[in-house]
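A.B. asks: Take a look at work39.txt, compact mmCIF, C-alpha atoms:
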# COMPACT_ATOMS: atom_id res chain seq x y z
CA MET V 1 -23.02 11.76 -1.00
CA ILE V 2 -25.47 13.95 0.99
CA ASP V 3 -28.37 15.25 -1.03
CA ARG V 4 -31.75 16.69 -0.27
CA PRO V 5 -34.23 13.90 -1.03
CA ASN V 6 -36.65 14.27 -3.89
CA VAL V 7 -40.27 15.06 -3.27
CA THR V 8 -42.23 11.80 -3.39
CA ALA V 9 -45.77 13.03 -2.74
CA ALA V 10 -47.60 14.97 -5.39
CA SER V 11 -47.68 18.67 -4.50
CA GLN V 12 -47.73 22.06 -6.09
CA GLN V 13 -43.94 22.25 -5.81
CA GLU V 14 -43.57 19.32 -8.24
CA LEU V 15 -45.12 21.40 -10.99
CA ASP V 16 -42.41 24.00 -10.60
CA LEU V 17 -39.54 21.51 -10.83
CA ILE V 18 -37.81 20.79 -14.13
CA PRO V 19 -37.85 17.16 -15.38
CA GLU V 20 -34.14 16.61 -14.62
CA GLU V 21 -34.67 17.44 -10.95
CA LEU V 22 -37.66 15.08 -10.79
CA GLN V 23 -35.48 12.25 -12.09
CA LYS V 24 -32.60 12.92 -9.68
CA SER V 25 -31.79 9.97 -7.41
CA THR V 26 -32.03 10.28 -3.65
CA CYS V 27 -29.39 9.58 -1.06
CA VAL V 28 -30.86 6.60 0.81
CA LEU V 29 -28.18 6.55 3.52
CA GLY V 30 -28.87 10.09 4.70
CA PHE V 31 -26.33 11.20 7.30
CA ILE V 32 -24.82 7.73 7.80
CA PRO V 33 -21.88 8.48 5.45
CA VAL V 34 -21.10 11.67 7.37
CA ILE V 35 -20.96 9.77 10.66
CA TYR V 36 -18.96 6.94 9.10
CA TYR V 37 -16.36 9.23 7.50
CA SER V 38 -16.06 11.28 10.67
CA ILE V 39 -15.29 8.17 12.72
CA LEU V 40 -12.94 6.87 10.04
CA LEU V 41 -11.07 10.17 9.99
CA CYS V 42 -10.85 10.46 13.79
CA VAL V 43 -9.54 6.90 14.08
CA GLY V 44 -7.57 6.56 10.86
CA VAL V 45 -5.39 9.68 11.00
CA PRO V 46 -4.03 9.13 14.57
CA VAL V 47 -3.52 5.43 13.85
CA ASN V 48 -1.62 6.18 10.65
CA ILE V 49 0.51 8.81 12.41
CA LEU V 50 1.35 6.23 15.08
CA THR V 51 2.18 3.75 12.31
CA ALA V 52 4.45 6.28 10.60
CA VAL V 53 6.36 7.00 13.82
CA ALA V 54 6.81 3.29 14.59
CA LEU V 55 7.92 2.48 11.03
CA SER V 56 10.37 5.39 10.98
CA ARG V 57 11.97 4.04 14.16
CA LEU V 58 12.22 0.56 12.69
CA ALA V 59 13.64 1.92 9.44
CA SER V 60 16.34 3.96 11.21
CA ARG V 61 17.16 1.05 13.52
CA THR V 62 17.30 -1.85 11.06
CA LYS V 63 17.89 -0.14 7.69
CA LYS V 64 15.49 -2.62 6.07
CA VAL V 65 13.96 -1.64 2.75
CA LEU V 66 10.63 -3.14 3.84
CA TYR V 67 10.00 -0.43 6.42
CA TYR V 68 10.76 2.36 3.93
CA TYR V 69 8.11 1.05 1.54
CA LEU V 70 5.58 0.59 4.34
CA LEU V 71 6.34 4.14 5.51
CA ALA V 72 5.56 5.42 1.99
CA VAL V 73 2.25 3.52 1.99
CA THR V 74 1.33 5.00 5.38
CA GLY V 75 2.17 8.56 4.30
CA SER V 76 0.06 8.16 1.16
CA ASP V 77 -2.84 6.83 3.26
CA ILE V 78 -2.67 9.95 5.44
CA LEU V 79 -2.81 12.17 2.34
CA SER V 80 -5.78 10.17 1.03
CA GLN V 81 -7.64 10.59 4.30
CA LEU V 82 -7.03 14.33 4.36
CA PHE V 83 -7.87 15.07 0.72
CA ILE V 84 -10.59 12.50 0.00
CA ILE V 85 -12.35 12.06 3.33
CA PHE V 86 -11.84 15.39 5.08
CA VAL V 87 -11.82 17.84 2.16
CA GLY V 88 -13.81 15.92 -0.46
CA PHE V 89 -16.54 14.12 1.49
CA LEU V 90 -16.91 16.11 4.70
CA LEU V 91 -16.14 19.73 3.78
CA GLU V 92 -17.17 20.05 0.14
CA THR V 93 -20.09 17.62 0.13
CA ALA V 94 -21.54 17.50 3.65
CA VAL V 95 -20.82 21.06 4.81
CA PHE V 96 -20.86 23.21 1.66
CA HIS V 97 -23.06 20.90 -0.51
CA ARG V 98 -20.54 21.33 -3.38
CA GLU V 99 -21.40 25.06 -3.51
CA VAL V 100 -17.78 26.12 -3.88
CA PRO V 101 -15.89 27.60 -6.83
CA THR V 102 -15.57 25.20 -9.74
CA LEU V 103 -11.81 25.69 -9.94
CA LEU V 104 -11.46 24.60 -6.32
CA LEU V 105 -13.64 21.53 -6.92
CA HIS V 106 -11.53 20.37 -9.86
CA SER V 107 -8.25 21.11 -8.07
CA VAL V 108 -9.29 19.07 -5.05
CA SER V 109 -10.42 16.29 -7.40
CA ALA V 110 -6.95 16.13 -8.99
CA ALA V 111 -5.32 16.08 -5.53
CA GLU V 112 -7.64 13.27 -4.41
CA PHE V 113 -6.75 11.06 -7.35
CA ALA V 114 -3.02 11.79 -6.96
CA ALA V 115 -3.09 10.79 -3.28
CA ASN V 116 -5.15 7.72 -4.09
CA HIS V 117 -2.74 6.59 -6.80
CA ALA V 118 0.23 7.10 -4.47
CA SER V 119 -1.44 5.06 -1.73
CA ILE V 120 -1.98 2.08 -4.02
CA TRP V 121 1.15 2.23 -6.16
CA SER V 122 3.46 2.50 -3.15
CA THR V 123 2.63 -1.15 -2.53
CA VAL V 124 3.88 -2.23 -5.97
CA PRO V 125 7.63 -1.65 -5.24
CA LEU V 126 7.17 -3.57 -1.99
CA THR V 127 5.73 -6.52 -3.92
CA VAL V 128 8.55 -6.40 -6.47
CA ASP V 129 11.13 -6.25 -3.68
CA ARG V 130 9.67 -9.33 -1.98
CA TYR V 131 9.60 -11.21 -5.28
CA VAL V 132 13.27 -10.42 -6.00
CA ALA V 133 14.26 -11.28 -2.42
CA LEU V 134 12.68 -14.74 -2.56
CA CYS V 135 13.24 -15.70 -6.20
CA HIS V 136 16.56 -13.93 -6.90
CA PRO V 137 18.31 -13.50 -3.54
CA LEU V 138 21.76 -12.73 -4.98
CA LEU V 139 20.34 -9.97 -7.17
CA HIS V 140 18.35 -8.64 -4.20
CA ARG V 141 21.54 -8.17 -2.18
CA GLN V 142 22.97 -6.03 -4.96
CA ILE V 143 20.01 -3.80 -5.82
CA SER V 144 18.01 -3.53 -2.57
CA TYR V 145 19.26 -0.89 -0.14
CA PRO V 146 17.71 2.17 1.57
CA ALA V 147 19.08 4.81 -0.82
CA ARG V 148 17.62 3.04 -3.86
CA ALA V 149 14.33 2.51 -2.01
CA ARG V 150 14.05 6.23 -1.29
CA LYS V 151 14.66 7.03 -4.97
CA ILE V 152 11.99 4.54 -6.04
CA ILE V 153 9.51 5.99 -3.54
CA ALA V 154 10.20 9.54 -4.76
CA MET V 155 9.67 8.41 -8.36
CA VAL V 156 6.36 6.72 -7.47
CA LEU V 157 5.12 9.85 -5.70
CA MET V 158 6.07 12.07 -8.64
CA LEU V 159 4.34 9.77 -11.14
CA SER V 160 1.26 9.61 -8.91
CA LEU V 161 1.13 13.39 -8.73
CA ALA V 162 1.40 13.61 -12.52
CA SER V 163 -1.27 10.94 -13.01
CA GLY V 164 -3.75 13.00 -10.97
CA VAL V 165 -3.57 16.01 -13.30
CA PRO V 166 -5.92 14.61 -16.03
CA PHE V 167 -8.60 14.02 -13.38
CA PHE V 168 -8.94 17.78 -12.99
CA TRP V 169 -11.74 17.28 -15.55
CA TRP V 170 -13.40 14.41 -13.63
CA SER V 171 -17.18 14.88 -13.67
CA ASP V 172 -19.37 14.81 -10.57
CA MET V 173 -21.28 11.54 -10.80
CA TRP V 174 -23.78 12.55 -8.11
CA ARG V 175 -24.93 15.76 -9.81
CA ASN V 176 -24.22 15.58 -13.54
CA SER V 177 -27.51 14.71 -15.23
CA HIS V 178 -26.15 14.34 -18.76
CA PRO V 179 -24.98 10.92 -20.00
CA PRO V 180 -21.23 10.22 -19.79
CA THR V 181 -19.31 11.89 -22.59
CA TRP V 182 -16.28 10.51 -24.42
CA LEU V 183 -14.05 12.38 -21.97
CA ASP V 184 -15.85 10.77 -19.03
CA THR V 185 -15.37 7.35 -20.67
CA VAL V 186 -11.63 7.91 -21.13
CA LEU V 187 -11.18 9.18 -17.57
CA ILE V 188 -13.22 6.37 -16.00
CA TRP V 189 -11.32 3.64 -17.84
CA THR V 190 -8.01 5.33 -17.08
CA HIS V 191 -9.05 5.50 -13.43
CA VAL V 192 -10.06 1.84 -13.07
CA ILE V 193 -6.94 0.66 -14.91
CA ILE V 194 -4.56 2.76 -12.79
CA ILE V 195 -6.35 2.22 -9.51
CA TYR V 196 -7.37 -1.43 -9.76
CA PHE V 197 -6.76 -3.59 -12.83
CA LEU V 198 -3.06 -2.86 -13.37
CA PRO V 199 -1.89 -3.04 -9.72
CA CYS V 200 -4.06 -6.08 -9.02
CA SER V 201 -2.59 -7.85 -12.05
CA ILE V 202 0.93 -7.14 -10.75
CA PHE V 203 -0.04 -8.33 -7.26
CA LEU V 204 -1.62 -11.51 -8.62
CA VAL V 205 1.33 -12.48 -10.83
CA LEU V 206 4.11 -11.70 -8.34
CA ASN V 207 2.32 -13.16 -5.33
CA SER V 208 1.63 -16.35 -7.28
CA LEU V 209 5.32 -16.61 -8.17
CA ILE V 210 6.28 -15.98 -4.54
CA ILE V 211 3.97 -18.72 -3.25
CA HIS V 212 5.18 -21.10 -5.98
CA ARG V 213 8.77 -20.39 -4.98
CA LEU V 214 8.04 -21.05 -1.31
CA ARG V 215 6.39 -24.34 -2.19
CA GLN V 216 9.42 -25.36 -4.22
CA ARG V 217 11.67 -24.73 -1.24
CA GLN V 218 9.59 -27.20 0.77
CA GLN V 219 9.88 -30.00 -1.80
CA PRO V 220 13.28 -31.35 -0.61
CA CYS V 221 11.76 -31.85 2.81
CA GLN V 222 8.79 -33.87 1.57
CA GLU V 223 10.44 -37.13 2.68
CA GLU V 224 9.81 -36.16 6.28
CA PRO V 225 6.33 -36.50 7.76
CA LYS V 226 4.00 -33.61 7.01
CA SER V 227 3.16 -33.20 10.67
CA THR V 228 6.77 -32.42 11.51
CA ARG V 229 7.46 -30.20 8.47
CA PRO V 230 4.45 -27.91 7.91
CA TRP V 231 4.40 -25.47 5.01
CA ARG V 232 5.65 -22.15 6.36
CA LEU V 233 4.95 -18.63 5.17
CA GLY V 234 7.33 -15.86 6.23
CA LYS V 235 5.95 -12.98 8.23
CA THR V 236 7.04 -10.41 5.66
CA THR V 237 5.38 -12.39 2.87
CA ALA V 238 2.26 -12.86 4.99
CA MET V 239 2.10 -9.10 5.59
CA LEU V 240 2.44 -8.45 1.85
CA LEU V 241 -0.29 -10.96 0.98
CA ALA V 242 -2.59 -9.45 3.62
CA ILE V 243 -2.10 -5.87 2.35
CA THR V 244 -2.68 -6.75 -1.31
CA SER V 245 -5.63 -9.06 -0.58
CA VAL V 246 -7.43 -6.49 1.56
CA PHE V 247 -6.92 -3.85 -1.11
CA SER V 248 -8.27 -6.15 -3.86
CA VAL V 249 -11.38 -6.99 -1.85
CA LEU V 250 -12.21 -3.47 -0.63
CA TRP V 251 -11.71 -1.76 -4.00
CA ALA V 252 -13.50 -4.32 -6.18
CA PRO V 253 -17.07 -3.05 -5.51
CA ARG V 254 -16.20 0.55 -6.41
CA THR V 255 -14.60 -0.55 -9.67
CA VAL V 256 -17.71 -2.53 -10.63
CA VAL V 257 -20.07 0.34 -9.72
CA VAL V 258 -18.09 2.91 -11.74
CA ILE V 259 -18.19 0.71 -14.85
CA TYR V 260 -21.89 0.04 -14.27
CA HIS V 261 -22.50 3.79 -14.06
CA LEU V 262 -20.70 4.24 -17.36
CA TYR V 263 -22.60 1.66 -19.43
CA VAL V 264 -25.84 0.69 -17.67
CA SER V 265 -27.40 3.26 -15.35
CA SER V 266 -26.32 6.64 -14.02
CA VAL V 267 -25.65 7.44 -10.38
CA HIS V 268 -27.58 10.68 -10.86
CA ARG V 269 -30.81 8.98 -11.98
CA ASP V 270 -30.97 5.57 -10.26
CA TRP V 271 -31.14 5.51 -6.46
CA ARG V 272 -29.89 1.91 -6.39
CA VAL V 273 -26.69 2.85 -8.24
CA HIS V 274 -26.42 5.90 -5.97
CA LEU V 275 -26.62 3.63 -2.91
CA ALA V 276 -24.11 1.16 -4.34
CA TYR V 277 -21.70 4.00 -5.16
CA ASP V 278 -21.90 5.40 -1.62
CA LEU V 279 -21.33 1.99 -0.02
CA SER V 280 -18.47 1.14 -2.38
CA ASN V 281 -16.75 4.44 -1.58
CA MET V 282 -17.10 3.71 2.14
CA LEU V 283 -15.51 0.29 1.68
CA ALA V 284 -12.68 1.67 -0.46
CA MET V 285 -11.79 4.36 2.08
CA LEU V 286 -11.66 1.73 4.82
CA ASN V 287 -8.48 0.50 3.14
CA THR V 288 -6.64 3.62 4.37
CA ALA V 289 -7.08 2.68 8.04
CA VAL V 290 -6.73 -1.11 8.28
CA ASN V 291 -3.01 -1.53 7.58
CA PHE V 292 -2.08 -0.67 11.18
CA PHE V 293 -4.02 -3.66 12.48
CA LEU V 294 -2.52 -5.94 9.82
CA TYR V 295 0.98 -4.89 10.86
CA CYS V 296 0.20 -5.46 14.54
CA PHE V 297 -1.23 -8.90 13.83
CA VAL V 298 1.71 -10.09 11.73
CA SER V 299 4.86 -8.28 12.89
CA LYS V 300 6.28 -8.61 16.41
CA PRO V 301 8.94 -5.88 15.85
CA PHE V 302 6.18 -3.48 14.80
CA ARG V 303 4.20 -4.24 17.95
CA GLY V 304 7.29 -3.57 20.01
CA ALA V 305 7.91 -0.26 18.22
CA VAL V 306 4.29 0.80 18.78
CA ARG V 307 4.59 -0.11 22.46
CA ASP V 308 7.73 2.01 22.73
CA VAL V 309 6.00 4.97 21.10
CA LEU V 310 2.92 4.73 23.32
CA LEU V 311 5.05 4.38 26.47
CA LEU V 312 7.28 7.27 25.34
CA ARG V 313 10.35 5.12 25.24
CA GLY V 314 13.17 6.52 23.17
CA GLY V 315 14.47 4.22 20.45
CA PRO V 316 18.17 3.90 19.64
CA LEU V 317 19.55 6.84 17.71
CA HIS V 318 21.98 4.71 15.72
CA PRO V 319 21.34 1.49 13.81
CA ARG V 320 22.06 -1.68 15.67
CA ARG V 321 25.48 -3.20 15.39
CA ALA V 322 26.18 -6.08 13.09
CA LEU V 323 25.13 -9.48 14.31
CA PRO V 324 27.80 -11.89 15.58
CA GLN V 325 27.01 -14.25 12.70
CA GLN V 326 27.92 -11.49 10.26
CA GLN V 327 31.23 -10.85 12.02
CA THR V 328 32.21 -14.51 12.32
CA PRO V 329 33.51 -15.05 8.75
CA THR V 330 35.74 -12.01 9.01
CA ASN V 331 37.10 -13.11 12.36
CA ILE V 332 37.68 -16.60 11.08
CA SER V 333 39.52 -15.39 8.03
CA ASN V 334 41.61 -12.99 10.10
CA SER V 335 42.43 -15.68 12.65
CA SER V 336 43.34 -18.14 9.92
CA LEU V 337 45.62 -15.62 8.29
CA TYR V 338 47.14 -14.79 11.65
CA SER V 339 47.72 -18.43 12.49
CA GLY V 340 49.11 -19.04 9.01
CA ASN V 341 51.56 -16.18 9.42
CA ASN V 342 52.58 -17.51 12.85
CA LYS V 343 53.22 -20.96 11.46
CA ARG V 344 55.21 -19.52 8.59
CA SER V 345 57.28 -17.38 10.94
CA GLN V 346 57.89 -20.34 13.22
CA ARG V 347 58.98 -22.42 10.25
CA ASP V 348 61.40 -19.75 9.15
CA SER V 349 62.82 -19.24 12.62
CA THR V 350 63.30 -22.97 13.38
CA PRO V 351 66.91 -24.06 12.72
CA VAL V 352 67.39 -26.74 10.14
CA SER V 353 68.60 -30.04 11.52
CA PRO V 354 71.96 -31.38 10.27
CA ARG V 355 70.34 -34.45 8.75
CA ARG V 356 67.99 -32.32 6.71
CA ALA V 357 70.83 -29.98 5.77
CA ARG V 358 73.01 -32.82 4.40
CA LYS V 359 72.49 -33.66 0.83
CA PRO V 360 72.06 -37.31 -0.05
CA SER V 361 75.16 -38.92 -1.43
Write out the structure in this file as structure tokens.
C.D. replies:
Amino acid sequence: MIDRPNVTAASQQELDLIPEELQKSTCVLGFIPVIYYSILLCVGVPVNILTAVALSRLASRTKKVLYYYLLAVTGSDILSQLFIIFVGFLLETAVFHREVPTLLLHSVSAAEFAANHASIWSTVPLTVDRYVALCHPLLHRQISYPARARKIIAMVLMLSLASGVPFFWWSDMWRNSHPPTWLDTVLIWTHVIIIYFLPCSIFLVLNSLIIHRLRQRQQPCQEEPKSTRPWRLGKTTAMLLAITSVFSVLWAPRTVVVIYHLYVSSVHRDWRVHLAYDLSNMLAMLNTAVNFFLYCFVSKPFRGAVRDVLLLRGGPLHPRRALPQQQTPTNISNSSLYSGNNKRSQRDSTPVSPRRARKPS
């Protein structure tokens, strides 16, 4: 990311440089990435911590599976900011200029990819849950509850941690002068499939089915005027579409640049590819700090929880009581049984009239 620029004017020092150093690409942005990542870290980490506190309050209060999945996404974003932005970009690259032990470099690389995979794949169970809730509501009532959500989140985090281990051998695109090897090709394609193509395919298919299902629900009401019956999109579905759409847009440039580096021109040799790689990384890391604003824009309960946290208001320690609508059927059934028993007891206690007691002759 931050490199000493190459010597452009002819001088005696050029004669002492080896050809590979002469061909090394320059960092056009200079210290702009350092300033950008510093601001992103100073803003993103407190915002994500605030998001985590607000979501934890909503999860404990409502027991909704949605907030558990969003809490997992937020925690993974915090890990991505710490490992990728703070340790990877700022400490290793900007401060130490990658002059650290090789074992530490590769270990941090594996941790970065694991946190990145967890941040993206935590959104997949949320998408599946929304699809089941809208398209198969009866099944959703049976399989969607907080305990199962916690197990799914733990499984996703474990698989993400395991998927980061092969990237211990990820090569440094900024400094490796040799062409990509077969191992680099395997790792790059594995990376773009795990990080972009596979999750985006799941998002595209399930979100399309969700929108199609919502349109079908509006078809019985087509007889009414369109002005009185507009097509509605639920807030939870709108939040899901916003999260997945922002991810798809912000991560697309980095995916294209990585594949371009593999087959066309190297980041190490071409300053244009170097510039595109820096900008695409900056866009991709922006995804770790924008979810808070999406939640505030869409969700009124989230805004209320954030307001309570900022004003130091204590939330309820216990989940809210059941709604009156949920208690009504039980009360009705109990009252009907009670009234039925009363009628039966009255019928048994009422003396039989003589006319009814006499048998017909």
A.B. asks: I'd like the neighbourhood of V:Ile259 as a ChimeraX atom specification, where a residue qualifies if any of its atoms comes within 10 Å (using all atoms listed in the file), though same-chain residues fewer than 4 positions away should be ignored.
C.D. replies: /V:185,188-189,192,254-255,263-265
A.B. asks: Pull C-alpha atoms from the residues just selected and write them as a short mmCIF file (atom, residue, chain, number, x, y, z; two decimals), keeping the file's coordinate frame.
C.D. replies:
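Saved file again-v4.cif follows:
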data_model
loop_
_atom_site.label_atom_id
_atom_site.label_comp_id
_atom_site.auth_asym_id
_atom_site.auth_seq_id
_atom_site.Cartn_x
_atom_site.Cartn_y
_atom_site.Cartn_z
CA THR V 185 -15.37 7.35 -20.67
CA ILE V 188 -13.22 6.37 -16.00
CA TRP V 189 -11.32 3.64 -17.84
CA VAL V 192 -10.06 1.84 -13.07
CA ARG V 254 -16.20 0.55 -6.41
CA THR V 255 -14.60 -0.55 -9.67
CA TYR V 263 -22.60 1.66 -19.43
CA VAL V 264 -25.84 0.69 -17.67
CA SER V 265 -27.40 3.26 -15.35
#
A.B. asks: For the contact check between stretch 149-227 of chain V and stretch 50-72 of chain V, emit one row per residue of stretch 149-227 of chain V within 10 Å, containing the shortest atom pair and the distance in Å rounded to one decimal, counting only C-alpha atoms, chain then rising number order, as a tab-separated table.
C.D. replies:
residue	atom	partner	partner_atom	distance
V:Ala149	CA	V:Val65	CA	6.3
V:Arg150	CA	V:Tyr68	CA	7.3
V:Ile152	CA	V:Tyr69	CA	9.2
V:Ile153	CA	V:Ala72	CA	6.8
V:Ala154	CA	V:Ala72	CA	9.2
V:Val156	CA	V:Ala72	CA	9.6
V:Leu157	CA	V:Ala72	CA	8.9
A.B. asks: May I ask for the distance between atom CA of V:Val43 and atom CA of V:Asn116, given in Å to one decimal place?
C.D. replies: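 Distance between the two atoms: 18.7 Å.
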A.B. asks: Please identify all polymer residues within 7 Å of stretch 278-285 of chain V, counting only C-alpha atoms, omitting same-chain residues fewer than 2 positions from it, and present them as a compact mmCIF listing (two decimals) with C-alpha atoms, keeping the file's coordinate frame.
C.D. replies:
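Saved file selection30.txt follows:
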# COMPACT_ATOMS: atom_id res chain seq x y z
CA MET V 1 -23.02 11.76 -1.00
CA LEU V 250 -12.21 -3.47 -0.63
CA TRP V 251 -11.71 -1.76 -4.00
CA PRO V 253 -17.07 -3.05 -5.51
CA ARG V 254 -16.20 0.55 -6.41
CA HIS V 274 -26.42 5.90 -5.97
CA LEU V 275 -26.62 3.63 -2.91
CA ALA V 276 -24.11 1.16 -4.34
CA ASN V 287 -8.48 0.50 3.14
CA THR V 288 -6.64 3.62 4.37
A.B. asks: Which is closer to V:His191 than all the others in V:Ser38, V:Ser163, V:Gln142, V:Asn291, using all atoms listed in the file?
C.D. replies: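 Closest to V:His191, using all atoms listed in the file: V:Ser163.
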A.B. asks: Closest to V:Phe247 among V:Ser144, V:Val124, V:Cys135, V:Met173, using all atoms listed in the file?
C.D. replies: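 Once distances to V:Phe247 are computed over all atoms listed in the file, the minimum belongs to V:Val124.
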A.B. asks: Starting from the point (-3.3, 14.7, -16.1), work out which residues of protein, DNA or RNA have an atom no more than 12 Å away when counting all atoms listed in the file; state them as a list in words.
C.D. replies: His106, Ser107, Ser109, Ala110, Ala111, Phe113, Ala114, Leu159, Ser160, Leu161, Ala162, Ser163, Gly164, Val165, Pro166, Phe167, Phe168, Trp169, Trp170, Val186, Leu187, Thr190 and His191 of chain V
A.B. asks: Quick one: write out the picked residues with C-alpha atoms as a short mmCIF file (atom, residue, chain, number, x, y, z; two decimals), in the frame of the given file?
C.D. replies:
data_model
loop_
_atom_site.label_atom_id
_atom_site.label_comp_id
_atom_site.auth_asym_id
_atom_site.auth_seq_id
_atom_site.Cartn_x
_atom_site.Cartn_y
_atom_site.Cartn_z
CA HIS V 106 -11.53 20.37 -9.86
CA SER V 107 -8.25 21.11 -8.07
CA SER V 109 -10.42 16.29 -7.40
CA ALA V 110 -6.95 16.13 -8.99
CA ALA V 111 -5.32 16.08 -5.53
CA PHE V 113 -6.75 11.06 -7.35
CA ALA V 114 -3.02 11.79 -6.96
CA LEU V 159 4.34 9.77 -11.14
CA SER V 160 1.26 9.61 -8.91
CA LEU V 161 1.13 13.39 -8.73
CA ALA V 162 1.40 13.61 -12.52
CA SER V 163 -1.27 10.94 -13.01
CA GLY V 164 -3.75 13.00 -10.97
CA VAL V 165 -3.57 16.01 -13.30
CA PRO V 166 -5.92 14.61 -16.03
CA PHE V 167 -8.60 14.02 -13.38
CA PHE V 168 -8.94 17.78 -12.99
CA TRP V 169 -11.74 17.28 -15.55
CA TRP V 170 -13.40 14.41 -13.63
CA VAL V 186 -11.63 7.91 -21.13
CA LEU V 187 -11.18 9.18 -17.57
CA THR V 190 -8.01 5.33 -17.08
CA HIS V 191 -9.05 5.50 -13.43
#
A.B. asks: Mind pulling up the distance from atom CA of V:Leu286 to atom CA of V:Asn48?
C.D. replies: 12.4 Å
A.B. asks: Between V:Tyr131, V:Tyr260, V:Phe86, V:Tyr277, which residue has the minimum interatomic distance to V:Gly44, considering all atoms listed in the file?
C.D. replies: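 Looking only at the distances to V:Gly44, the closest residue turns out to be V:Phe86.
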A.B. asks: Between atom CA of V:Phe83 and atom CA of V:Ile194, what distance in Å does the model show, to one decimal?
C.D. replies: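 Straight-line distance from atom CA of V:Phe83 to atom CA of V:Ile194 works out to 18.6 Å.
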A.B. asks: Between V:Ile120, V:Gly304, V:Ile32, V:Val108, which is the closest to V:Gly75 once you count only C-alpha atoms?
C.D. replies: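 Residue with the minimum atom-to-atom distance to V:Gly75: V:Ile120.
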A.B. asks: Using only C-alpha atoms, which residue out of V:Leu41, V:Ile78, V:Val267, V:Leu206 lies closest to V:Arg130?
C.D. replies: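 Between V:Leu41, V:Ile78, V:Val267, V:Leu206, the residue approaching V:Arg130 most closely is V:Leu206.
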A.B. asks: Using only C-alpha atoms, what residues lie at most 7 Å away from (3.0, -9.5, 8.1) (file coordinates), given as a list in words?
C.D. replies: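 Every polymer residue passing the test: Lys235, Thr236, Thr237, Ala238, Met239, Leu240, Leu294, Tyr295, Val298 and Ser299 of chain V.
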A.B. asks: Find, counting only C-alpha atoms, the residue in V:Leu134, V:Val47, V:Ser208, V:Ile35 that gets nearest to V:Leu310.
C.D. replies: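 So, comparing all the options, the nearest one is V:Val47.
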A.B. asks: Can you list, as a list in words, every protein, DNA or RNA residue that comes within 8 Å of V:His140 when you count only C-alpha atoms, leaving out same-chain residues fewer than 6 positions away?
C.D. replies: Asp129, Val132 and Ala133 of chain V
A.B. asks: Could you name the residues that touch V:Ile85 at 8 Å or less, counting only C-alpha atoms, but leaving out those on the same chain fewer than 3 positions away, as a PDB file with C-alpha atoms, in the coordinates of the input?
C.D. replies:
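Result went into around_6.pdb, see below:
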ATOM      1  CA  TYR V  37     -16.360   9.230   7.500  1.00  0.00           C
ATOM      2  CA  LEU V  41     -11.070  10.170   9.990  1.00  0.00           C
ATOM      3  CA  SER V  80      -5.780  10.170   1.030  1.00  0.00           C
ATOM      4  CA  GLN V  81      -7.640  10.590   4.300  1.00  0.00           C
ATOM      5  CA  LEU V  82      -7.030  14.330   4.360  1.00  0.00           C
ATOM      6  CA  GLY V  88     -13.810  15.920  -0.460  1.00  0.00           C
ATOM      7  CA  PHE V  89     -16.540  14.120   1.490  1.00  0.00           C
ATOM      8  CA  LEU V  90     -16.910  16.110   4.700  1.00  0.00           C
ATOM      9  CA  MET V 285     -11.790   4.360   2.080  1.00  0.00           C
TER      10      MET V 285
END
